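Asker: Sharing a structure with you now.
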Amino acid sequence: MTGGRFYVTYALHMIDNRDMDAVFQALSNESRRRMLDIVKEEPGIGVGALASTFDVSRIAVMKHLAVLEDAGLLISEKDGRTRRLYFNAAPIQMIHDRWTTEYSAYWAGEMTRIKYLAEAKADDAAHKHPQRRK
């Protein structure tokens, strides 16, 4: 902690095929994706608090967390008796950077923005005008 600010430094390296395989493998499991969603929304969540949101044993959660950490998607930090978890988006960004250019990233961003807007509008319409059951 410096001057009231907290700084975190991550060692980034070029991502190779083995690293990418680990990221894709980690993301291939629905429970691990949910864990990342929770950690992203609640940076610094403790392992126990995260584990309590799943209907599996703490050991199963710990195994999933190890896969995510090995892929570089999670950073864990010991805080007394609690292990705090943080999402690290860098491996995903490096994969994105490998296959996109500035131009394609811009247009992919625009297309996803349009997709999200259309889905939100359709969702709003569905809630305003629920279909009648026959």
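Scheme for the structure tokens: letters A, B, ... for chains in order shown; per-chain residue numbers from 1; ligand numbers from 1 in order shown.
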Once DSSP has gone over the backbone, tell me which residues of chain A are in strand (DSSP E), as a PyMOL selection string.
Answerer: chain A and resi 45-46+74-79+82-87
Asker: Go ahead and dump the residues you just picked, N, CA and C atoms, as a compact mmCIF listing (two decimals), in the first residue's frame.
Answerer:
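Done, and the output landed in again08.txt:
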# COMPACT_ATOMS: atom_id res chain seq x y z
N ILE A 45 -12.96 -12.01 -2.76
CA ILE A 45 -13.83 -12.96 -2.05
C ILE A 45 -12.97 -14.09 -1.49
N GLY A 46 -13.32 -14.53 -0.31
CA GLY A 46 -12.59 -15.63 0.31
C GLY A 46 -13.00 -16.96 -0.30
N LEU A 74 -6.86 -16.88 -12.14
CA LEU A 74 -7.10 -16.47 -10.76
C LEU A 74 -5.79 -16.17 -10.08
N ILE A 75 -5.81 -15.14 -9.27
CA ILE A 75 -4.68 -14.82 -8.41
C ILE A 75 -5.20 -14.99 -6.99
N SER A 76 -4.46 -15.70 -6.15
CA SER A 76 -4.90 -15.84 -4.76
C SER A 76 -3.86 -15.19 -3.86
N GLU A 77 -4.37 -14.66 -2.77
CA GLU A 77 -3.51 -13.93 -1.84
C GLU A 77 -3.92 -14.30 -0.42
N LYS A 78 -2.96 -14.65 0.39
CA LYS A 78 -3.23 -15.03 1.78
C LYS A 78 -3.46 -13.76 2.60
N ASP A 79 -4.56 -13.74 3.35
CA ASP A 79 -4.91 -12.60 4.21
C ASP A 79 -5.29 -13.18 5.57
N THR A 82 -7.56 -16.31 5.74
CA THR A 82 -8.41 -16.33 4.54
C THR A 82 -7.57 -16.23 3.28
N ARG A 83 -7.91 -17.02 2.29
CA ARG A 83 -7.27 -16.90 0.98
C ARG A 83 -8.22 -16.11 0.10
N ARG A 84 -7.78 -14.93 -0.33
CA ARG A 84 -8.58 -14.02 -1.15
C ARG A 84 -8.31 -14.28 -2.63
N LEU A 85 -9.36 -14.19 -3.44
CA LEU A 85 -9.27 -14.52 -4.86
C LEU A 85 -9.53 -13.29 -5.72
N TYR A 86 -8.76 -13.17 -6.81
CA TYR A 86 -8.89 -12.06 -7.74
C TYR A 86 -8.85 -12.60 -9.17
N PHE A 87 -9.68 -12.05 -10.03
CA PHE A 87 -9.73 -12.44 -11.43
C PHE A 87 -8.59 -11.75 -12.18
Asker: Select from range 10-42 of chain A every residue with an atom at most 10 Å from any atom of range 51-64 of chain A, then for each give the shortest pair of atoms and their distance in Å to one decimal, using only C-alpha atoms, rows by chain and rising number, as JSON lines.
Answerer:
{"residue": "A:Ala26", "atom": "CA", "partner": "A:His64", "partner_atom": "CA", "distance": 8.2}
{"residue": "A:Asn29", "atom": "CA", "partner": "A:His64", "partner_atom": "CA", "distance": 8.9}
{"residue": "A:Ser31", "atom": "CA", "partner": "A:His64", "partner_atom": "CA", "distance": 7.9}
{"residue": "A:Arg32", "atom": "CA", "partner": "A:His64", "partner_atom": "CA", "distance": 6.1}
{"residue": "A:Arg33", "atom": "CA", "partner": "A:His64", "partner_atom": "CA", "distance": 9.9}
{"residue": "A:Arg34", "atom": "CA", "partner": "A:Phe54", "partner_atom": "CA", "distance": 9.5}
{"residue": "A:Met35", "atom": "CA", "partner": "A:His64", "partner_atom": "CA", "distance": 8.6}
{"residue": "A:Ile38", "atom": "CA", "partner": "A:Thr53", "partner_atom": "CA", "distance": 9.3}
Asker: Generate the output file for the selected residues, C-alpha atoms, as a compact mmCIF listing (two decimals), in the first residue's frame.
Answerer:
# COMPACT_ATOMS: atom_id res chain seq x y z
CA ALA A 26 -10.10 -24.04 -17.49
CA ASN A 29 -16.10 -26.20 -17.36
CA SER A 31 -18.58 -24.44 -12.67
CA ARG A 32 -15.20 -22.81 -13.23
CA ARG A 33 -16.79 -20.15 -15.44
CA ARG A 34 -19.31 -19.44 -12.66
CA MET A 35 -16.45 -19.18 -10.17
CA ILE A 38 -18.34 -14.53 -8.93
Asker: Which residue out of A:Val23, A:Asn17, A:Ala125, A:Tyr116 has the minimum interatomic distance to Pro91 in chain A when only C-alpha atoms are used?
Answerer: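 Answer, going by the shortest atom-to-atom distance: A:Val23.
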Asker: Give me, as a PDB file with C-alpha atoms, in the first residue's frame, all polymer residues having an atom no more than 6 Å from Leu73 in chain A, counting only C-alpha atoms and skipping those fewer than 2 positions away in the same chain.
Answerer:
ATOM      1  CA  LEU A  68      -8.055 -21.671 -12.742  1.00  0.00           C
ATOM      2  CA  GLU A  69      -4.875 -20.612 -10.942  1.00  0.00           C
ATOM      3  CA  ALA A  71      -4.215 -21.204 -16.171  1.00  0.00           C
ATOM      4  CA  PHE A  87      -9.730 -12.437 -11.433  1.00  0.00           C
ATOM      5  CA  ASN A  88      -6.830 -11.964 -13.860  1.00  0.00           C
TER       6      ASN A  88
END
Asker: To test your reading of the structure, identify every residue in range 39-102 of chain A that backbone DSSP assigns to helix (DSSP H, G or I), and report it as an NGL selection string.
Answerer: :A and (39-41 or 47-51 or 58-70 or 90-99 or 102)
